[in-house]
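S.K.: mmCIF, C-alpha atoms, saved as work22.cif, coming up:
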```
data_query
loop_
_atom_site.label_atom_id
_atom_site.label_comp_id
_atom_site.auth_asym_id
_atom_site.auth_seq_id
_atom_site.Cartn_x
_atom_site.Cartn_y
_atom_site.Cartn_z
CA MET A 8 103.30 79.52 83.08
CA ILE A 9 101.50 82.82 83.52
CA ARG A 10 100.85 84.00 87.07
CA THR A 11 98.68 86.90 88.18
CA ASP A 12 98.68 88.59 91.56
CA SER A 13 98.22 91.90 93.38
CA ALA A 14 101.56 93.68 93.63
CA ILE A 15 103.18 96.72 95.22
CA ILE A 16 106.09 98.19 93.25
CA LEU A 17 109.08 98.61 95.59
CA HIS A 18 111.86 100.01 93.40
CA GLY A 19 113.47 99.61 90.02
CA ARG A 20 116.51 100.33 87.90
CA LYS A 21 117.11 101.01 84.23
CA PHE A 22 117.75 98.07 81.94
CA SER A 23 118.57 98.96 78.34
CA ASP A 24 117.21 102.09 76.70
CA THR A 25 113.52 101.35 77.22
CA SER A 26 113.25 98.67 79.91
CA LYS A 27 113.47 98.34 83.70
CA ILE A 28 114.14 95.64 86.24
CA LEU A 29 111.68 96.03 89.10
CA HIS A 30 111.40 94.54 92.56
CA VAL A 31 107.79 94.04 93.58
CA TYR A 32 105.98 92.60 96.59
CA THR A 33 103.05 90.38 95.70
CA ARG A 34 100.27 89.16 97.95
CA ASN A 35 100.57 85.42 97.29
CA HIS A 36 104.04 85.02 95.79
CA GLY A 37 106.10 87.29 98.01
CA LYS A 38 108.92 89.46 96.69
CA ILE A 39 109.90 88.86 93.06
CA SER A 40 112.05 90.53 90.41
CA ILE A 41 110.51 91.33 87.05
CA LEU A 42 111.69 92.66 83.70
CA ALA A 43 109.37 95.24 82.14
CA LYS A 44 110.27 95.64 78.50
CA GLY A 45 109.46 98.98 76.91
CA VAL A 46 108.25 100.53 80.18
CA ARG A 47 110.49 103.59 79.66
CA SER A 48 109.25 104.17 76.15
CA SER A 49 106.85 107.04 75.44
CA LYS A 50 104.53 104.45 73.89
CA SER A 51 104.60 102.14 76.93
CA LYS A 52 101.39 100.20 77.54
CA PHE A 53 102.01 100.10 81.31
CA GLY A 54 101.26 103.74 82.14
CA SER A 55 101.85 104.43 85.84
CA SER A 56 101.16 100.83 86.91
CA LEU A 57 104.87 100.04 87.36
CA GLU A 58 105.91 103.23 89.12
CA VAL A 59 107.29 102.98 92.67
CA ILE A 60 104.59 102.43 95.38
CA SER A 61 101.93 101.69 92.76
CA CYS A 62 99.45 98.97 93.68
CA SER A 63 98.77 96.99 90.53
CA THR A 64 97.37 93.73 89.25
CA LEU A 65 100.41 92.10 87.70
CA SER A 66 100.75 89.17 85.28
CA TRP A 67 104.14 87.63 84.50
CA TYR A 68 105.70 84.62 82.82
CA HIS A 69 106.92 82.39 85.63
CA SER A 70 109.74 79.86 85.22
CA THR A 71 111.35 77.59 87.80
CA GLN A 72 114.63 77.98 85.89
CA LYS A 73 114.85 81.74 86.39
CA ASP A 74 114.62 84.29 89.18
CA LEU A 75 113.86 87.24 86.87
CA TYR A 76 110.42 87.10 85.30
CA LEU A 77 109.05 88.88 82.25
CA VAL A 78 106.00 91.09 82.77
CA LYS A 79 103.01 90.30 80.59
CA SER A 80 100.61 93.00 81.81
CA ALA A 81 100.05 95.43 84.67
CA GLU A 82 97.10 97.58 85.68
CA GLN A 83 97.05 99.97 88.63
CA TYR A 84 94.07 99.45 90.95
CA THR A 85 94.82 101.86 93.82
CA PRO A 86 95.42 105.53 92.94
CA THR A 87 98.50 107.26 94.35
CA TYR A 88 97.86 110.88 93.35
CA HIS A 89 97.53 112.20 96.91
CA ILE A 90 100.71 110.36 97.89
CA LEU A 91 102.83 111.60 95.00
CA SER A 92 101.67 115.18 95.52
CA ASP A 93 102.55 115.21 99.25
CA TYR A 94 106.26 115.02 100.07
CA ASP A 95 105.81 113.79 103.66
CA LYS A 96 103.49 110.98 102.55
CA LEU A 97 105.82 110.03 99.72
CA ILE A 98 108.84 109.80 102.04
CA THR A 99 106.87 107.56 104.40
CA CYS A 100 105.74 105.26 101.59
CA ILE A 101 109.29 105.02 100.21
CA ALA A 102 110.48 104.08 103.72
CA ILE A 103 107.83 101.34 103.88
CA ALA A 104 108.86 100.06 100.45
CA GLU A 105 112.48 99.99 101.64
CA VAL A 106 111.51 97.86 104.65
CA LEU A 107 109.67 95.34 102.47
CA SER A 108 112.61 95.20 100.09
CA THR A 109 115.19 94.59 102.82
CA THR A 110 113.27 92.33 105.21
CA GLN A 111 111.33 90.01 102.91
CA GLU A 112 112.89 86.94 101.34
CA ASN A 113 112.31 86.16 97.68
CA GLU A 114 109.03 84.36 96.97
CA GLU A 115 108.11 84.04 100.65
CA SER A 116 104.55 85.29 100.98
CA HIS A 117 102.91 87.03 103.94
CA PRO A 118 99.41 87.97 102.72
CA GLU A 119 98.65 89.74 106.00
CA LEU A 120 101.73 91.96 105.54
CA PHE A 121 100.72 92.75 101.97
CA ASP A 122 97.22 93.67 103.16
CA LEU A 123 98.65 95.93 105.89
CA THR A 124 100.86 97.73 103.36
CA HIS A 125 97.99 98.17 100.95
CA GLN A 126 95.76 99.46 103.75
CA ILE A 127 98.33 102.13 104.65
CA LEU A 128 98.77 103.18 101.01
CA GLN A 129 94.98 103.44 100.61
CA PHE A 130 94.77 105.48 103.80
CA PHE A 131 97.46 107.88 102.59
CA ASN A 132 95.80 108.38 99.24
CA SER A 133 92.32 108.92 100.69
CA SER A 134 93.52 111.47 103.28
CA HIS A 135 94.34 114.87 101.80
CA SER A 136 96.58 115.92 104.69
CA LEU A 137 98.02 114.21 107.74
CA GLN A 138 99.70 115.76 110.76
CA SER A 139 102.46 113.17 111.11
CA PRO A 140 102.54 110.62 108.25
CA TYR A 141 105.93 109.22 109.29
CA ASN A 142 104.42 107.87 112.51
CA LEU A 143 102.81 105.20 110.35
CA PHE A 144 106.26 103.99 109.33
CA PHE A 145 106.79 102.97 112.96
CA THR A 146 103.33 101.41 113.09
CA PHE A 147 104.25 99.46 109.96
CA LEU A 148 107.51 98.21 111.52
CA ILE A 149 105.74 97.05 114.67
CA LYS A 150 103.12 95.16 112.63
CA THR A 151 105.77 93.76 110.28
CA ALA A 152 107.70 92.27 113.21
CA LEU A 153 104.49 90.55 114.32
CA CYS A 154 103.89 89.14 110.81
CA MET A 155 107.47 87.84 110.70
CA GLY A 156 107.15 86.01 114.01
CA PHE A 157 108.99 88.30 116.42
CA GLY A 158 106.31 90.71 117.55
CA MET A 159 106.88 93.16 120.40
CA SER A 160 104.95 93.71 123.62
CA PHE A 161 104.85 97.26 124.98
CA HIS A 162 101.85 96.83 127.27
CA LYS A 163 102.80 93.66 129.16
CA CYS A 164 105.96 92.00 130.41
CA ASN A 165 106.47 88.68 128.62
CA ILE A 166 108.18 87.19 131.69
CA THR A 167 105.75 88.06 134.50
CA GLY A 168 102.63 88.95 132.54
CA GLU A 169 102.41 92.20 134.47
CA LEU A 170 100.87 95.20 132.69
CA ILE A 171 103.23 98.12 132.04
CA ASP A 172 102.06 101.44 133.48
CA ILE A 173 104.21 104.39 132.40
CA ARG A 174 103.30 106.20 135.62
CA ASP A 175 105.33 103.68 137.63
CA SER A 176 108.78 104.80 136.48
CA GLU A 177 110.72 107.34 134.43
CA TYR A 178 112.56 104.56 132.55
CA PHE A 179 111.76 101.02 131.40
CA PHE A 180 113.97 98.26 130.03
CA PHE A 181 113.06 96.61 126.72
CA SER A 182 114.60 93.15 126.29
CA TYR A 183 115.51 92.40 122.67
CA TYR A 184 115.26 88.65 123.17
CA GLU A 185 112.11 88.65 125.28
CA GLY A 186 110.59 91.12 122.82
CA SER A 187 108.93 93.15 125.54
CA ILE A 188 109.16 95.85 128.16
CA LEU A 189 110.19 94.16 131.41
CA SER A 190 108.47 94.61 134.75
CA LEU A 191 110.36 96.82 137.15
CA ASP A 192 111.00 93.90 139.50
CA VAL A 193 112.64 91.75 136.79
CA ASP A 194 116.44 91.69 136.95
CA HIS A 195 117.62 92.68 133.48
CA SER A 196 121.35 92.68 134.22
CA GLY A 197 123.12 90.71 131.52
CA GLN A 198 120.16 91.00 129.16
CA GLN A 199 120.59 92.60 125.76
CA GLY A 200 118.21 95.49 125.39
CA ILE A 201 117.65 99.22 125.66
CA LEU A 202 116.51 101.61 128.35
CA LEU A 203 113.55 103.67 127.13
CA ASN A 204 112.07 106.68 128.88
CA SER A 205 108.39 106.67 129.76
CA SER A 206 107.59 109.14 126.97
CA ILE A 207 108.91 106.76 124.30
CA VAL A 208 107.16 103.78 125.90
CA SER A 209 103.90 105.75 125.81
CA ILE A 210 104.44 106.50 122.10
CA LEU A 211 105.17 102.85 121.31
CA GLN A 212 102.03 101.77 123.17
CA LYS A 213 99.95 104.19 121.09
CA LEU A 214 101.53 103.08 117.81
CA ASP A 215 101.02 99.43 118.70
CA THR A 216 97.29 99.59 119.34
CA GLY A 217 96.06 102.80 117.69
CA LEU A 218 94.15 103.12 114.44
CA LEU A 219 95.95 104.60 111.42
CA ASP A 220 94.04 107.87 111.79
CA ASP A 221 94.98 108.15 115.47
CA ASN A 222 98.62 107.21 114.94
CA SER A 223 99.15 109.91 112.32
CA SER A 224 97.57 112.66 114.42
CA PHE A 225 100.21 113.28 117.11
CA ASN A 226 103.74 114.62 116.86
CA ILE A 227 106.90 112.82 117.98
CA SER A 228 109.91 114.96 118.82
CA SER A 229 113.02 114.70 116.64
CA SER A 230 115.07 113.10 119.42
CA ASP A 231 112.36 110.51 120.17
CA THR A 232 111.98 109.81 116.44
CA PHE A 233 115.68 108.98 116.12
CA THR A 234 115.60 106.82 119.27
CA ILE A 235 112.59 104.82 118.04
CA HIS A 236 114.06 104.52 114.54
CA ASP A 237 117.38 103.15 115.91
CA PHE A 238 115.64 100.89 118.42
CA LEU A 239 113.47 99.24 115.77
CA SER A 240 116.39 98.92 113.34
CA ARG A 241 118.40 97.15 116.05
CA TYR A 242 115.49 94.88 116.95
CA PHE A 243 115.00 93.79 113.34
CA SER A 244 118.74 93.22 112.92
CA ILE A 245 118.87 90.90 115.94
CA HIS A 246 115.84 88.83 114.98
CA SER A 247 116.55 88.69 111.24
CA HIS A 248 120.25 87.93 111.74
CA LYS A 249 121.34 90.65 109.31
CA LYS A 250 122.03 94.33 109.77
CA PHE A 251 119.27 96.77 108.89
CA THR A 252 119.95 100.48 108.51
CA TRP A 253 117.00 102.08 106.78
CA ARG A 254 118.15 105.14 104.90
CA THR A 255 114.82 106.88 104.44
CA MET A 256 114.26 109.27 107.34
CA PRO A 257 111.51 111.76 108.23
CA PRO A 258 111.42 114.96 106.16
CA GLY A 259 114.12 117.38 107.28
CA ALA A 260 116.09 114.70 109.14
CA THR A 261 119.46 113.27 108.10
CA ILE A 262 121.31 110.18 109.29
#
```
Translate the structure described by the file into structure tokens.
M.R.:
Amino acid sequence: MIRTDSAIILHGRKFSDTSKILHVYTRNHGKISILAKGVRSSKSKFGSSLEVISCSTLSWYHSTQKDLYLVKSAEQYTPTYHILSDYDKLITCIAIAEVLSTTQENEESHPELFDLTHQILQFFNSSHSLQSPYNLFFTFLIKTALCMGFGMSFHKCNITGELIDIRDSEYFFFSYYEGSILSLDVDHSGQQGILLNSSIVSILQKLDTGLLDDNSSFNISSSDTFTIHDFLSRYFSIHSHKKFTWRTMPPGATI
């Protein structure tokens, strides 16, 4: 059976002298593994359509007896030139691909998550320069959690319904299991969570509701970047019941 779908190439590894095994995220079939024969050959018919972070229309031979499918054809439909030529954009896109690879189960589709990823890749390629591309990695994580059923609330307490105003306190408690910032009058003793300063809460509120253009236009300090990165990694680990430590960090940063 031949299947065709829109796909984002996540990563790959060499297989034989001329072939690769690739992990891709498709819109309607979720994450799948494919074998691309001859893709490493100088005479390959695939061109750049199977390179990492490419958005391509992919056709493959599907079999219920296998979990590795053979590629029939691939054609790139979203250019990536302005991503590949900008190191900061490339690092961000690789980080997004890493999240999809580690959080998504095989052949479990989330069309809305695919559309979000494609929207970000299109935005990166259409914008010649961005002040803070890596901010959109955090935006992506926040939206991914929502798609996966454990979205976060940074503007309202999920227990009392009270709106969170960063002017009310220097620190706020985020409950991992409630998935929200808690009102100041809620007793959080015994709850699993993290204490976030008002600056970080303000950043998370912006990333949660801002447009892509707005979210990439302000700087986050190195210390706040690490705090947000660790906070979101921890949140995903708790709700996905497996440990996530994303290795791709902002340019110039090391784990």
S.K.: Exactly which residues make up the result of the PyMOL selection byres ((chain A and resi 71-81) around 6) on this file, given as a CSV table (one decimal) with C-alpha atoms, keeping the file's coordinate frame?
M.R.:
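Contents of out24.csv, freshly written:
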```csv
chain,number,residue,atom,x,y,z
A,40,SER,CA,112.0,90.5,90.4
A,41,ILE,CA,110.5,91.3,87.0
A,42,LEU,CA,111.7,92.7,83.7
A,43,ALA,CA,109.4,95.2,82.1
A,56,SER,CA,101.2,100.8,86.9
A,64,THR,CA,97.4,93.7,89.2
A,65,LEU,CA,100.4,92.1,87.7
A,66,SER,CA,100.8,89.2,85.3
A,67,TRP,CA,104.1,87.6,84.5
A,68,TYR,CA,105.7,84.6,82.8
A,69,HIS,CA,106.9,82.4,85.6
A,70,SER,CA,109.7,79.9,85.2
A,82,GLU,CA,97.1,97.6,85.7
```
S.K.: Which is closest to Thr110 (chain A) among A:Phe233, A:Phe243, A:Phe180, A:Tyr88, if we use all atoms listed in the file?
M.R.: A:Phe243
S.K.: Given the file above and the PyMOL selection byres ((chain A and resi 125) around 12), which residues are selected, and can you give them as an MDAnalysis selection string?
M.R.: chainID A and resid 13:16 32:34 60:63 84:87 100 103:104 118:124 126:132 147
S.K.: Suppose you want the space between CA of Ala102 (chain A) and CA of Phe251 (chain A); what is it in Å?
M.R.: 12.5 Å
S.K.: Quick one: everything within 10 Å of Thr99 (chain A), counting all atoms listed in the file, minus sequence neighbours fewer than 2 positions away in the same chain. Send it as a ChimeraX atom specification.
M.R.: /A:90,94-97,101-105,128,131,139-145,255-258
S.K.: On this file, the PyMOL selection byres ((chain A and resi 214) around 10) gives some set of residues; write that set as a count of residues only.
M.R.: 24
S.K.: Do you know which residues are at most 9 Å from Arg47 (chain A) counting all atoms listed in the file, after dropping those on the same chain fewer than 5 positions away, and could you put them as a PyMOL selection string?
M.R.: chain A and resi 21+24-27
S.K.: Could the residues in this selection be saved with C-alpha atoms as a PDB file, in the coordinates of the input?
M.R.:
```pdb
ATOM      1  CA  LYS A  21     117.110 101.010  84.230  1.00  0.00           C
ATOM      2  CA  ASP A  24     117.210 102.090  76.700  1.00  0.00           C
ATOM      3  CA  THR A  25     113.520 101.350  77.220  1.00  0.00           C
ATOM      4  CA  SER A  26     113.250  98.670  79.910  1.00  0.00           C
ATOM      5  CA  LYS A  27     113.470  98.340  83.700  1.00  0.00           C
TER       6      LYS A  27
END
```
S.K.: From the set A:Val59, A:Ile227, A:Ile173, A:Val46, which residue has the shortest atom-to-atom contact distance to Leu203 (chain A), counting all atoms listed in the file?
M.R.: A:Ile173
S.K.: Which residue, A:Gln198, A:Lys163, A:Leu91, A:Gln83, has the smallest gap to Tyr184 (chain A) when you use all atoms listed in the file?
M.R.: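 Using all atoms listed in the file, the shortest distance to Tyr184 (chain A) belongs to A:Gln198.
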S.K.: Would you mind reading off the distance between CA of Ser224 (chain A) and CA of His135 (chain A), one decimal, in Å?
M.R.: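 Distance between the two atoms: 13.2 Å.
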S.K.: Can you list, as a list of chain:residue names, every protein, DNA or RNA residue that comes within 7 Å of Cys164 (chain A) when you count only C-alpha atoms, leaving out same-chain residues fewer than 2 positions away?
M.R.: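 The contact residues come out as A:Ile166, A:Thr167, A:Gly168, A:Glu169, A:Leu170, A:Ile171, A:Ser187, A:Ile188, A:Leu189, A:Ser190.
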S.K.: Please compute the CA of Ser116 (chain A)-CA of Ser133 (chain A) distance, one decimal, in Å.
M.R.: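 It comes out at 26.6 Å.
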S.K.: Would you list the contacts of Tyr183 (chain A) as a ChimeraX atom specification, taking every protein, DNA or RNA residue within 6 Å and counting all atoms listed in the file, but skipping same-chain residues closer than 3 positions in sequence?
M.R.: /A:186,199-200
S.K.: Kindly indicate which residue among A:Ser51, A:Asn226, A:Asn35, A:Thr234 lies nearest to Leu202 (chain A), using all atoms listed in the file for the distances.
M.R.: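 Ranking A:Ser51, A:Asn226, A:Asn35, A:Thr234 by distance to Leu202 (chain A), first place goes to A:Thr234.
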S.K.: Which is closest to Phe179 (chain A) among A:Leu29, A:Ile201, A:Met8, A:Leu153, if we use all atoms listed in the file?
M.R.: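 Checking each of A:Leu29, A:Ile201, A:Met8, A:Leu153 against Phe179 (chain A), counting all atoms listed in the file, the winner is A:Ile201.
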S.K.: Taking into account only C-alpha atoms, which residue in the set A:Ser182, A:Arg174, A:Ser92, A:Tyr242 is nearest to Ser196 (chain A)?
M.R.: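 With only C-alpha atoms as the atom set, the closest residue is A:Ser182.
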